[in-house]
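Here's the structure, in structure tokens; my notes come after.
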Amino acid sequence: ERERERERGTHLYEIVNNFHPNEMMLPPLASSWPLLSVLLILILFAATNIVVSTPQQFREAPQFYNSPNCPSIQYNTDHHDAADSVVVHVAMTLDAAYIRGSMAAILSVLQHSSCPQNINFHFAASASADIHHLNTTISNSFPYLRFRVYCFDDSAVAGLISTSIRAALDCPLNYARNYLADLLPTCVTKLVYLDSDLVLVDDIAELAATPLGDHAVLAAPEYCNANFTSYFTPTFWSNPSLSLTFTGRNACYFNTGVMVIDLEQWRAGDYTRKIVEWMELQKRMRIYELGSLPPFLLVFAGNIAPVDHRWNQHGLGGDNFRGLCRDLHPGRVSLLHWSGKGKPWARLDANRPCPLDALWAPYDLLQTPYVLDS
């Protein structure tokens with residue numbers, strides 16, 4: 001609606017600026033007043049409805065300190081990367097569209113951590129993004145945060161992306177998780193990957209400590225009751241050489257928005273290449289519909305370490321079409337995830353929140369014009 005109003009204002013602006021009285025047969029002055037009055041009203045109406053896009057401003061978050069029993073960390077010279085096993089490395093993507101969600105996620109991680117000063121954040125941002133602005137935004141709200149923003153060359157993956165059921169899923173940055181082993185320094189050997197549309201209500205160190213065993217490359221909550229076959233097309237299942245991919249694997253759906261990843265194992269197994277090969281095949285013959293998830297399922301499903309479901313109460317954004325409200329799954333909750341079309345900040349701004357969106361709101365750092373600094 002705002003876009004239509006902006007176009008209406010632009011159209012009226014062009015009419016007024018291209019209005020040349022000398023080129024028209026004008027009526028007498030007295031009879032022209034109604035026309036001029038209507039034109040003036042239309043101009044004023046358009047002006048009041050033109051939306052000026054301004055960068056979002058965020059409040060500074062409180063500083064969080066380690067509890068007395070937290071181990072100390074020896075950082076290397078750049079003060080960002082530490083190979084010490086007690087560091088919790090968290091990877092996320094960062095862009096202007098989801099920055100509000102990212103800020104809330106960061107705050108939730110720090111607030112519920114027993115050792116927040118032992119957390120390092122690694123953000124992947126598109127090469128076309130304003131990296132300086134993203135750095136400044138994070139630094140202003142989290143002055144004491146240990147983080148680094150990595151430039152992700154999305155041109156490499158752009159040619160591999162196939163259109164999916166929702167345009168937001170086709171963003172190249174959604175595929176940055178495929179390349180974390182290449183983006184991050186080799187001293188980072190294990191990390192927790194988080195989407196931007198979630199908040200934690202428990203200590204992330206517990207999630208990061210998930211044992212991966214000797215063979216698993218990643219860990220995530222599995223959902224074996226989901227219809228796994230629906231994630232792939234009839235073309236995939238009707239081709240014997242493709243459908244045999246899952247032979248001998250108890251393949252179940254898992255959500256890639258929350259994962260614990262062993263980057264050493266990933267690098268050793270060249271898993272980025274394996275994911276890319278499935279994406280290249282998808283460009284030749286359509287074998288799946290849903291964005292960046294299916295390649296992960298093709299490579300890892302049935303071979304991942306388990307994580308308790310409380311660490312990904314996903315689907316709170318509804319489905320990919322309507323984004324309707326949903327309830328929590330039964331059981332304990334450590335992480336709330338608004339995967340799906342509906343995002344809590346958008347629904348709150350539209351005054352159409354779902355009940356569970358109230359659980360996201362306390363972590364929202366957006367600085368509104370109605371909030372006065374104390």
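All residue names refer to the structure tokens as shown: chains lettered A, B, ... in order, residues numbered from 1 in each chain, ligands numbered from 1 in order.
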
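If you count only C-alpha atoms and ignore residues fewer than 3 places along the chain from Leu328 of chain A, what sits within 9 Å of it is Gln313, His314, Gly315, Leu316, Gly331, Val333, Leu336 and Leu356 of chain A.
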
Quiz item: Could you name the residues that touch segment 246-251 of chain A at 8 Å or less, counting only C-alpha atoms, but leaving out those on the same chain fewer than 2 positions away, as a PyMOL selection string?
Solution: chain A and resi 224+228+243-244+253+297-298+301-303

Output file for the residues above (N, CA and C atoms, as a PDB file, in the first residue's frame):
ATOM      1  N   CYS A 224      11.055 -36.468  12.526  1.00  0.00           N
ATOM      2  CA  CYS A 224      10.834 -37.640  11.677  1.00  0.00           C
ATOM      3  C   CYS A 224       9.356 -37.867  11.367  1.00  0.00           C
ATOM      4  N   PHE A 228       8.760 -36.332   4.711  1.00  0.00           N
ATOM      5  CA  PHE A 228      10.066 -36.062   4.112  1.00  0.00           C
ATOM      6  C   PHE A 228       9.997 -36.036   2.588  1.00  0.00           C
ATOM      7  N   SER A 243      16.714 -41.167  -6.206  1.00  0.00           N
ATOM      8  CA  SER A 243      15.960 -41.586  -5.026  1.00  0.00           C
ATOM      9  C   SER A 243      16.752 -42.543  -4.146  1.00  0.00           C
ATOM     10  N   LEU A 244      17.767 -43.209  -4.712  1.00  0.00           N
ATOM     11  CA  LEU A 244      18.614 -44.103  -3.923  1.00  0.00           C
ATOM     12  C   LEU A 244      19.579 -43.334  -3.023  1.00  0.00           C
ATOM     13  N   TYR A 253      13.466 -34.838   8.279  1.00  0.00           N
ATOM     14  CA  TYR A 253      13.549 -33.386   8.100  1.00  0.00           C
ATOM     15  C   TYR A 253      14.233 -32.744   9.300  1.00  0.00           C
ATOM     16  N   LEU A 297      19.432 -31.342   3.214  1.00  0.00           N
ATOM     17  CA  LEU A 297      18.813 -32.640   3.470  1.00  0.00           C
ATOM     18  C   LEU A 297      19.466 -33.724   2.619  1.00  0.00           C
ATOM     19  N   LEU A 298      19.747 -33.412   1.370  1.00  0.00           N
ATOM     20  CA  LEU A 298      20.353 -34.397   0.472  1.00  0.00           C
ATOM     21  C   LEU A 298      21.736 -34.842   0.965  1.00  0.00           C
ATOM     22  N   ALA A 301      20.842 -35.417   5.779  1.00  0.00           N
ATOM     23  CA  ALA A 301      19.709 -36.062   6.451  1.00  0.00           C
ATOM     24  C   ALA A 301      19.999 -37.525   6.742  1.00  0.00           C
ATOM     25  N   GLY A 302      19.768 -37.918   7.978  1.00  0.00           N
ATOM     26  CA  GLY A 302      20.037 -39.283   8.396  1.00  0.00           C
ATOM     27  C   GLY A 302      21.426 -39.485   8.957  1.00  0.00           C
ATOM     28  N   ASN A 303      22.269 -38.474   8.829  1.00  0.00           N
ATOM     29  CA  ASN A 303      23.652 -38.589   9.310  1.00  0.00           C
ATOM     30  C   ASN A 303      24.028 -37.437  10.247  1.00  0.00           C
TER      31      ASN A 303
END

Exercise. Mind giving me the straight-line distance from atom CA of Asn178 of chain A to atom CA of Tyr288 of chain A in Å, one decimal?
Key: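 Spanning atom CA of Asn178 of chain A to atom CA of Tyr288 of chain A is a straight-line distance of 17.2 Å.
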
Quiz item: When distances are computed from only C-alpha atoms, which of A:Gly159, A:Leu335, A:Gln56, A:Leu281 shows the smallest separation from Tyr98 of chain A?
Solution: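 Looking only at the distances to Tyr98 of chain A, the closest residue turns out to be A:Gln56.
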
Self-check item: For segment 135-147 of chain A: contacts at 6 Å, only C-alpha atoms, fewer than 4 positions along chain excluded, given as a list in words
Solution: Arg59, Glu60, Ala61, Asn120, Phe121 and His122 of chain A

Quick one: write out the picked residues with all heavy atoms as a PDB file, in the first residue's frame?
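Result file part29.pdb:
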ATOM      1  N   ARG A  59      18.505   1.049  20.033  1.00  0.00           N
ATOM      2  CA  ARG A  59      18.996   1.441  21.344  1.00  0.00           C
ATOM      3  C   ARG A  59      20.264   0.659  21.700  1.00  0.00           C
ATOM      4  O   ARG A  59      20.522  -0.407  21.150  1.00  0.00           O
ATOM      5  CB  ARG A  59      17.938   1.176  22.427  1.00  0.00           C
ATOM      6  CG  ARG A  59      16.625   1.888  22.191  1.00  0.00           C
ATOM      7  CD  ARG A  59      15.715   1.741  23.398  1.00  0.00           C
ATOM      8  NE  ARG A  59      15.442   0.342  23.728  1.00  0.00           N
ATOM      9  CZ  ARG A  59      14.507  -0.394  23.137  1.00  0.00           C
ATOM     10  NH1 ARG A  59      13.769   0.130  22.181  1.00  0.00           N
ATOM     11  NH2 ARG A  59      14.311  -1.648  23.506  1.00  0.00           N
ATOM     12  N   GLU A  60      21.019   1.203  22.632  1.00  0.00           N
ATOM     13  CA  GLU A  60      22.169   0.468  23.140  1.00  0.00           C
ATOM     14  C   GLU A  60      21.693  -0.579  24.142  1.00  0.00           C
ATOM     15  O   GLU A  60      20.907  -0.289  25.047  1.00  0.00           O
ATOM     16  CB  GLU A  60      23.163   1.411  23.805  1.00  0.00           C
ATOM     17  CG  GLU A  60      24.408   0.703  24.313  1.00  0.00           C
ATOM     18  CD  GLU A  60      25.422   1.654  24.905  1.00  0.00           C
ATOM     19  OE1 GLU A  60      25.473   2.828  24.465  1.00  0.00           O
ATOM     20  OE2 GLU A  60      26.179   1.224  25.812  1.00  0.00           O
ATOM     21  N   ALA A  61      22.176  -1.795  23.989  1.00  0.00           N
ATOM     22  CA  ALA A  61      21.807  -2.880  24.895  1.00  0.00           C
ATOM     23  C   ALA A  61      22.641  -2.796  26.166  1.00  0.00           C
ATOM     24  O   ALA A  61      23.737  -2.225  26.168  1.00  0.00           O
ATOM     25  CB  ALA A  61      22.026  -4.223  24.212  1.00  0.00           C
ATOM     26  N   ASN A 120      31.796 -15.242  20.743  1.00  0.00           N
ATOM     27  CA  ASN A 120      32.237 -14.515  19.555  1.00  0.00           C
ATOM     28  C   ASN A 120      31.183 -14.655  18.466  1.00  0.00           C
ATOM     29  O   ASN A 120      30.761 -15.777  18.149  1.00  0.00           O
ATOM     30  CB  ASN A 120      33.568 -15.064  19.027  1.00  0.00           C
ATOM     31  CG  ASN A 120      34.766 -14.509  19.768  1.00  0.00           C
ATOM     32  OD1 ASN A 120      34.628 -13.960  20.849  1.00  0.00           O
ATOM     33  ND2 ASN A 120      35.951 -14.666  19.187  1.00  0.00           N
ATOM     34  N   PHE A 121      30.789 -13.526  17.881  1.00  0.00           N
ATOM     35  CA  PHE A 121      29.809 -13.537  16.793  1.00  0.00           C
ATOM     36  C   PHE A 121      30.523 -13.359  15.457  1.00  0.00           C
ATOM     37  O   PHE A 121      31.444 -12.543  15.330  1.00  0.00           O
ATOM     38  CB  PHE A 121      28.781 -12.424  16.986  1.00  0.00           C
ATOM     39  CG  PHE A 121      27.720 -12.743  17.997  1.00  0.00           C
ATOM     40  CD1 PHE A 121      27.936 -12.495  19.345  1.00  0.00           C
ATOM     41  CD2 PHE A 121      26.504 -13.299  17.606  1.00  0.00           C
ATOM     42  CE1 PHE A 121      26.955 -12.786  20.285  1.00  0.00           C
ATOM     43  CE2 PHE A 121      25.528 -13.593  18.541  1.00  0.00           C
ATOM     44  CZ  PHE A 121      25.750 -13.342  19.887  1.00  0.00           C
ATOM     45  N   HIS A 122      30.058 -14.121  14.481  1.00  0.00           N
ATOM     46  CA  HIS A 122      30.583 -14.050  13.117  1.00  0.00           C
ATOM     47  C   HIS A 122      29.399 -13.796  12.181  1.00  0.00           C
ATOM     48  O   HIS A 122      28.499 -14.632  12.072  1.00  0.00           O
ATOM     49  CB  HIS A 122      31.280 -15.356  12.733  1.00  0.00           C
ATOM     50  CG  HIS A 122      32.345 -15.769  13.697  1.00  0.00           C
ATOM     51  ND1 HIS A 122      33.675 -15.437  13.537  1.00  0.00           N
ATOM     52  CD2 HIS A 122      32.275 -16.491  14.859  1.00  0.00           C
ATOM     53  CE1 HIS A 122      34.382 -15.929  14.543  1.00  0.00           C
ATOM     54  NE2 HIS A 122      33.552 -16.582  15.360  1.00  0.00           N
TER      55      HIS A 122
END

Quiz item: DSSP on the backbone: what in segment 226-314 of chain A comes out alpha helix (DSSP H), as a PyMOL selection string?
Solution: chain A and resi 234-238+240-243+263-269+271-284+293-300

Self-check item: Shell around Val307 of chain A at 8 Å using only C-alpha atoms, local window under 5 positions removed, as a PyMOL selection string
Solution: chain A and resi 210+219-222

Could you please take those selected residues and save C-alpha atoms as a short mmCIF file (atom, residue, chain, number, x, y, z; two decimals), in the first residue's frame?
data_model
loop_
_atom_site.label_atom_id
_atom_site.label_comp_id
_atom_site.auth_asym_id
_atom_site.auth_seq_id
_atom_site.Cartn_x
_atom_site.Cartn_y
_atom_site.Cartn_z
CA THR A 210 26.16 -30.80 21.83
CA ALA A 219 23.72 -31.46 14.87
CA ALA A 220 20.14 -30.22 14.76
CA PRO A 221 16.70 -31.19 16.04
CA GLU A 222 15.14 -33.80 13.75
#

Exercise. State, in Å with one decimal place, the distance from atom CA of Pro211 of chain A to atom CA of Ile275 of chain A.
Key: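 Between atom CA of Pro211 of chain A and atom CA of Ile275 of chain A the gap is 23.3 Å.
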
Practice problem: Fewer than 2 positions away in the same chain doesn't count, so skip those; otherwise give me all residues within 12 Å of Lys283 of chain A, counting only C-alpha atoms, as a PyMOL selection string. | Solution: chain A and resi 157-163+276-281+285-289

Only N, CA and C atoms, please: the residues just picked out, written as a short mmCIF file (atom, residue, chain, number, x, y, z; two decimals), in the first residue's frame.
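File written: again.cif
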data_model
loop_
_atom_site.label_atom_id
_atom_site.label_comp_id
_atom_site.auth_asym_id
_atom_site.auth_seq_id
_atom_site.Cartn_x
_atom_site.Cartn_y
_atom_site.Cartn_z
N VAL A 157 27.09 -17.74 -5.76
CA VAL A 157 25.93 -18.61 -5.55
C VAL A 157 24.70 -18.14 -6.32
N ALA A 158 24.70 -16.88 -6.75
CA ALA A 158 23.51 -16.33 -7.41
C ALA A 158 23.09 -17.15 -8.63
N GLY A 159 24.07 -17.63 -9.38
CA GLY A 159 23.76 -18.41 -10.58
C GLY A 159 23.29 -19.81 -10.29
N LEU A 160 23.36 -20.23 -9.02
CA LEU A 160 22.94 -21.59 -8.66
C LEU A 160 21.55 -21.62 -8.03
N ILE A 161 20.99 -20.45 -7.76
CA ILE A 161 19.71 -20.39 -7.05
C ILE A 161 18.55 -20.60 -8.02
N SER A 162 17.66 -21.50 -7.65
CA SER A 162 16.43 -21.72 -8.41
C SER A 162 15.27 -21.08 -7.67
N THR A 163 14.32 -20.55 -8.39
CA THR A 163 13.16 -19.92 -7.76
C THR A 163 12.43 -20.94 -6.89
N VAL A 276 26.96 -27.78 -3.34
CA VAL A 276 26.94 -27.06 -4.62
C VAL A 276 26.61 -28.01 -5.77
N GLU A 277 27.09 -29.23 -5.71
CA GLU A 277 26.80 -30.19 -6.79
C GLU A 277 25.30 -30.47 -6.90
N TRP A 278 24.61 -30.57 -5.76
CA TRP A 278 23.16 -30.75 -5.81
C TRP A 278 22.46 -29.50 -6.35
N MET A 279 22.97 -28.34 -6.03
CA MET A 279 22.38 -27.10 -6.56
C MET A 279 22.58 -27.02 -8.07
N GLU A 280 23.72 -27.47 -8.55
CA GLU A 280 23.96 -27.48 -9.99
C GLU A 280 23.02 -28.44 -10.70
N LEU A 281 22.76 -29.58 -10.08
CA LEU A 281 21.80 -30.52 -10.67
C LEU A 281 20.40 -29.93 -10.69
N MET A 285 17.65 -29.98 -13.73
CA MET A 285 16.37 -30.67 -13.60
C MET A 285 15.81 -30.38 -12.21
N ARG A 286 14.60 -29.92 -12.16
CA ARG A 286 14.03 -29.44 -10.89
C ARG A 286 13.72 -30.63 -9.98
N ILE A 287 14.51 -30.75 -8.90
CA ILE A 287 14.34 -31.89 -8.00
C ILE A 287 13.81 -31.48 -6.63
N TYR A 288 13.70 -30.18 -6.37
CA TYR A 288 13.11 -29.70 -5.11
C TYR A 288 12.55 -28.30 -5.32
N GLU A 289 11.79 -27.83 -4.30
CA GLU A 289 11.08 -26.56 -4.44
C GLU A 289 11.47 -25.51 -3.40
#

Practice problem: Tell me, as number ranges by chain, which residues lie within 8 Å of Ile304 of chain A, counting only C-alpha atoms; anything in the same chain fewer than 4 positions away does not count. | Solution: A: 212, 216-220, 300

Using C-alpha atoms, can you export the residues from the last selection as an mmCIF file, in the first residue's frame?
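Result saved to result_12.cif:
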data_model
loop_
_atom_site.group_PDB
_atom_site.id
_atom_site.type_symbol
_atom_site.label_atom_id
_atom_site.label_comp_id
_atom_site.auth_asym_id
_atom_site.auth_seq_id
_atom_site.Cartn_x
_atom_site.Cartn_y
_atom_site.Cartn_z
ATOM 1 C CA LEU A 212 28.787 -34.613 17.490
ATOM 2 C CA ALA A 216 28.597 -36.325 12.363
ATOM 3 C CA VAL A 217 29.385 -32.971 10.775
ATOM 4 C CA LEU A 218 26.413 -31.158 12.227
ATOM 5 C CA ALA A 219 23.722 -31.462 14.872
ATOM 6 C CA ALA A 220 20.143 -30.218 14.762
ATOM 7 C CA PHE A 300 23.184 -34.634 5.691
#

Practice problem: Excluding Asp130 of chain A and any residue of its chain fewer than 2 positions from it, enumerate the residues within 12 Å of it, using only C-alpha atoms, and give them as a PyMOL selection string. | Solution: chain A and resi 55+94-96+125-128+132-137+149-151

Save the residues we just selected, N, CA, C and O atoms, as a PDB file, in the first residue's frame?
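Result went into again.pdb, see below:
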ATOM      1  N   PRO A  55      16.929   5.009   7.739  1.00  0.00           N
ATOM      2  CA  PRO A  55      17.567   3.852   8.371  1.00  0.00           C
ATOM      3  C   PRO A  55      16.996   3.614   9.767  1.00  0.00           C
ATOM      4  O   PRO A  55      16.683   4.554  10.492  1.00  0.00           O
ATOM      5  N   LEU A  94      23.677 -11.194   8.103  1.00  0.00           N
ATOM      6  CA  LEU A  94      23.345  -9.820   8.494  1.00  0.00           C
ATOM      7  C   LEU A  94      22.994  -9.023   7.251  1.00  0.00           C
ATOM      8  O   LEU A  94      23.779  -8.955   6.310  1.00  0.00           O
ATOM      9  N   ASP A  95      21.805  -8.439   7.235  1.00  0.00           N
ATOM     10  CA  ASP A  95      21.415  -7.566   6.132  1.00  0.00           C
ATOM     11  C   ASP A  95      20.388  -6.562   6.622  1.00  0.00           C
ATOM     12  O   ASP A  95      19.850  -6.668   7.729  1.00  0.00           O
ATOM     13  N   ALA A  96      20.127  -5.556   5.790  1.00  0.00           N
ATOM     14  CA  ALA A  96      19.230  -4.470   6.184  1.00  0.00           C
ATOM     15  C   ALA A  96      17.803  -4.963   6.396  1.00  0.00           C
ATOM     16  O   ALA A  96      17.095  -4.461   7.267  1.00  0.00           O
ATOM     17  N   ALA A 125      27.740 -11.008   5.560  1.00  0.00           N
ATOM     18  CA  ALA A 125      26.953  -9.968   4.892  1.00  0.00           C
ATOM     19  C   ALA A 125      27.276  -9.968   3.409  1.00  0.00           C
ATOM     20  O   ALA A 125      28.396 -10.265   2.998  1.00  0.00           O
ATOM     21  N   SER A 126      26.284  -9.627   2.618  1.00  0.00           N
ATOM     22  CA  SER A 126      26.462  -9.601   1.168  1.00  0.00           C
ATOM     23  C   SER A 126      27.521  -8.578   0.766  1.00  0.00           C
ATOM     24  O   SER A 126      27.647  -7.509   1.378  1.00  0.00           O
ATOM     25  N   ALA A 127      28.272  -8.899  -0.273  1.00  0.00           N
ATOM     26  CA  ALA A 127      29.299  -7.980  -0.767  1.00  0.00           C
ATOM     27  C   ALA A 127      28.695  -6.665  -1.245  1.00  0.00           C
ATOM     28  O   ALA A 127      29.377  -5.636  -1.256  1.00  0.00           O
ATOM     29  N   SER A 128      27.424  -6.678  -1.617  1.00  0.00           N
ATOM     30  CA  SER A 128      26.762  -5.461  -2.088  1.00  0.00           C
ATOM     31  C   SER A 128      26.171  -4.644  -0.952  1.00  0.00           C
ATOM     32  O   SER A 128      25.651  -3.549  -1.181  1.00  0.00           O
ATOM     33  N   HIS A 132      30.085  -1.066   6.283  1.00  0.00           N
ATOM     34  CA  HIS A 132      30.408  -0.073   7.316  1.00  0.00           C
ATOM     35  C   HIS A 132      29.187   0.240   8.172  1.00  0.00           C
ATOM     36  O   HIS A 132      29.281   0.317   9.406  1.00  0.00           O
ATOM     37  N   HIS A 133      28.047   0.412   7.525  1.00  0.00           N
ATOM     38  CA  HIS A 133      26.813   0.710   8.273  1.00  0.00           C
ATOM     39  C   HIS A 133      26.424  -0.451   9.183  1.00  0.00           C
ATOM     40  O   HIS A 133      26.015  -0.243  10.334  1.00  0.00           O
ATOM     41  N   LEU A 134      26.551  -1.679   8.679  1.00  0.00           N
ATOM     42  CA  LEU A 134      26.216  -2.837   9.496  1.00  0.00           C
ATOM     43  C   LEU A 134      27.156  -2.939  10.697  1.00  0.00           C
ATOM     44  O   LEU A 134      26.719  -3.207  11.825  1.00  0.00           O
ATOM     45  N   ASN A 135      28.444  -2.706  10.464  1.00  0.00           N
ATOM     46  CA  ASN A 135      29.412  -2.708  11.568  1.00  0.00           C
ATOM     47  C   ASN A 135      29.066  -1.666  12.614  1.00  0.00           C
ATOM     48  O   ASN A 135      29.086  -1.940  13.826  1.00  0.00           O
ATOM     49  N   THR A 136      28.748  -0.473  12.141  1.00  0.00           N
ATOM     50  CA  THR A 136      28.425   0.624  13.048  1.00  0.00           C
ATOM     51  C   THR A 136      27.159   0.334  13.842  1.00  0.00           C
ATOM     52  O   THR A 136      27.075   0.620  15.042  1.00  0.00           O
ATOM     53  N   THR A 137      26.153  -0.215  13.168  1.00  0.00           N
ATOM     54  CA  THR A 137      24.893  -0.532  13.835  1.00  0.00           C
ATOM     55  C   THR A 137      25.105  -1.517  14.980  1.00  0.00           C
ATOM     56  O   THR A 137      24.598  -1.324  16.098  1.00  0.00           O
ATOM     57  N   VAL A 149      32.347  -8.912  10.875  1.00  0.00           N
ATOM     58  CA  VAL A 149      31.466  -9.014   9.712  1.00  0.00           C
ATOM     59  C   VAL A 149      32.304  -9.468   8.523  1.00  0.00           C
ATOM     60  O   VAL A 149      33.313  -8.840   8.179  1.00  0.00           O
ATOM     61  N   TYR A 150      31.880 -10.556   7.903  1.00  0.00           N
ATOM     62  CA  TYR A 150      32.597 -11.129   6.766  1.00  0.00           C
ATOM     63  C   TYR A 150      31.839 -10.798   5.470  1.00  0.00           C
ATOM     64  O   TYR A 150      30.606 -10.898   5.419  1.00  0.00           O
ATOM     65  N   CYS A 151      32.584 -10.436   4.466  1.00  0.00           N
ATOM     66  CA  CYS A 151      31.995 -10.094   3.171  1.00  0.00           C
ATOM     67  C   CYS A 151      31.754 -11.373   2.368  1.00  0.00           C
ATOM     68  O   CYS A 151      32.708 -12.071   2.007  1.00  0.00           O
TER      69      CYS A 151
END

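Here atom CA of Ala181 of chain A and atom CA of Thr272 of chain A stand 8.0 Å from one another.
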
Practice problem: Run DSSP on the backbone of this structure and report the residues of segment 135-370 of chain A it assigns to strand (DSSP E), as a VMD selection string. | Solution: chain A and resid 146 to 152 190 to 194 198 to 200 218 to 220 222 to 223 253 to 254 258 to 262 305 to 306 335 to 337

Print the selection's residues with C-alpha atoms to a file, as a PDB file, in the first residue's frame.
ATOM      1  CA  ARG A 146      33.275  -9.468  20.129  1.00  0.00           C
ATOM      2  CA  PHE A 147      32.277  -9.808  16.500  1.00  0.00           C
ATOM      3  CA  ARG A 148      33.405  -9.644  12.915  1.00  0.00           C
ATOM      4  CA  VAL A 149      31.466  -9.014   9.712  1.00  0.00           C
ATOM      5  CA  TYR A 150      32.597 -11.129   6.766  1.00  0.00           C
ATOM      6  CA  CYS A 151      31.995 -10.094   3.171  1.00  0.00           C
ATOM      7  CA  PHE A 152      30.119 -12.879   1.380  1.00  0.00           C
ATOM      8  CA  LYS A 190      32.996 -25.463  15.826  1.00  0.00           C
ATOM      9  CA  LEU A 191      30.092 -23.032  15.847  1.00  0.00           C
ATOM     10  CA  VAL A 192      26.384 -22.556  16.372  1.00  0.00           C
ATOM     11  CA  TYR A 193      24.549 -21.244  13.322  1.00  0.00           C
ATOM     12  CA  LEU A 194      21.414 -19.178  14.013  1.00  0.00           C
ATOM     13  CA  LEU A 198      14.594 -16.257  16.575  1.00  0.00           C
ATOM     14  CA  VAL A 199      15.335 -15.603  20.243  1.00  0.00           C
ATOM     15  CA  LEU A 200      16.972 -17.805  22.845  1.00  0.00           C
ATOM     16  CA  LEU A 218      26.413 -31.158  12.227  1.00  0.00           C
ATOM     17  CA  ALA A 219      23.722 -31.462  14.872  1.00  0.00           C
ATOM     18  CA  ALA A 220      20.143 -30.218  14.762  1.00  0.00           C
ATOM     19  CA  GLU A 222      15.140 -33.796  13.750  1.00  0.00           C
ATOM     20  CA  TYR A 223      11.438 -34.135  12.950  1.00  0.00           C
ATOM     21  CA  TYR A 253      13.549 -33.386   8.100  1.00  0.00           C
ATOM     22  CA  PHE A 254      15.594 -30.890  10.096  1.00  0.00           C
ATOM     23  CA  VAL A 258      19.591 -23.766  14.171  1.00  0.00           C
ATOM     24  CA  MET A 259      22.633 -25.992  13.726  1.00  0.00           C
ATOM     25  CA  VAL A 260      25.805 -26.944  15.560  1.00  0.00           C
ATOM     26  CA  ILE A 261      28.524 -27.416  12.940  1.00  0.00           C
ATOM     27  CA  ASP A 262      31.936 -29.036  13.167  1.00  0.00           C
ATOM     28  CA  ALA A 305      23.729 -35.769  15.649  1.00  0.00           C
ATOM     29  CA  PRO A 306      20.452 -35.278  17.551  1.00  0.00           C
ATOM     30  CA  LEU A 335      14.664 -21.250  21.561  1.00  0.00           C
ATOM     31  CA  LEU A 336      11.715 -19.639  19.754  1.00  0.00           C
ATOM     32  CA  HIS A 337      11.986 -19.547  15.967  1.00  0.00           C
TER      33      HIS A 337
END

Quiz item: Which one of A:Leu173, A:Val86, A:Cys252, A:Cys354 sits closest to Asp195 of chain A if you count only C-alpha atoms?
Solution: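 For Asp195 of chain A, the nearest of the candidates is A:Leu173.
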
Quiz item: Looking at A:His89, A:Asn66, A:Asp154, A:Gln367, which one is nearest to Ala209 of chain A, with distances taken over only C-alpha atoms?
Solution: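 Between A:His89, A:Asn66, A:Asp154, A:Gln367, the residue approaching Ala209 of chain A most closely is A:His89.
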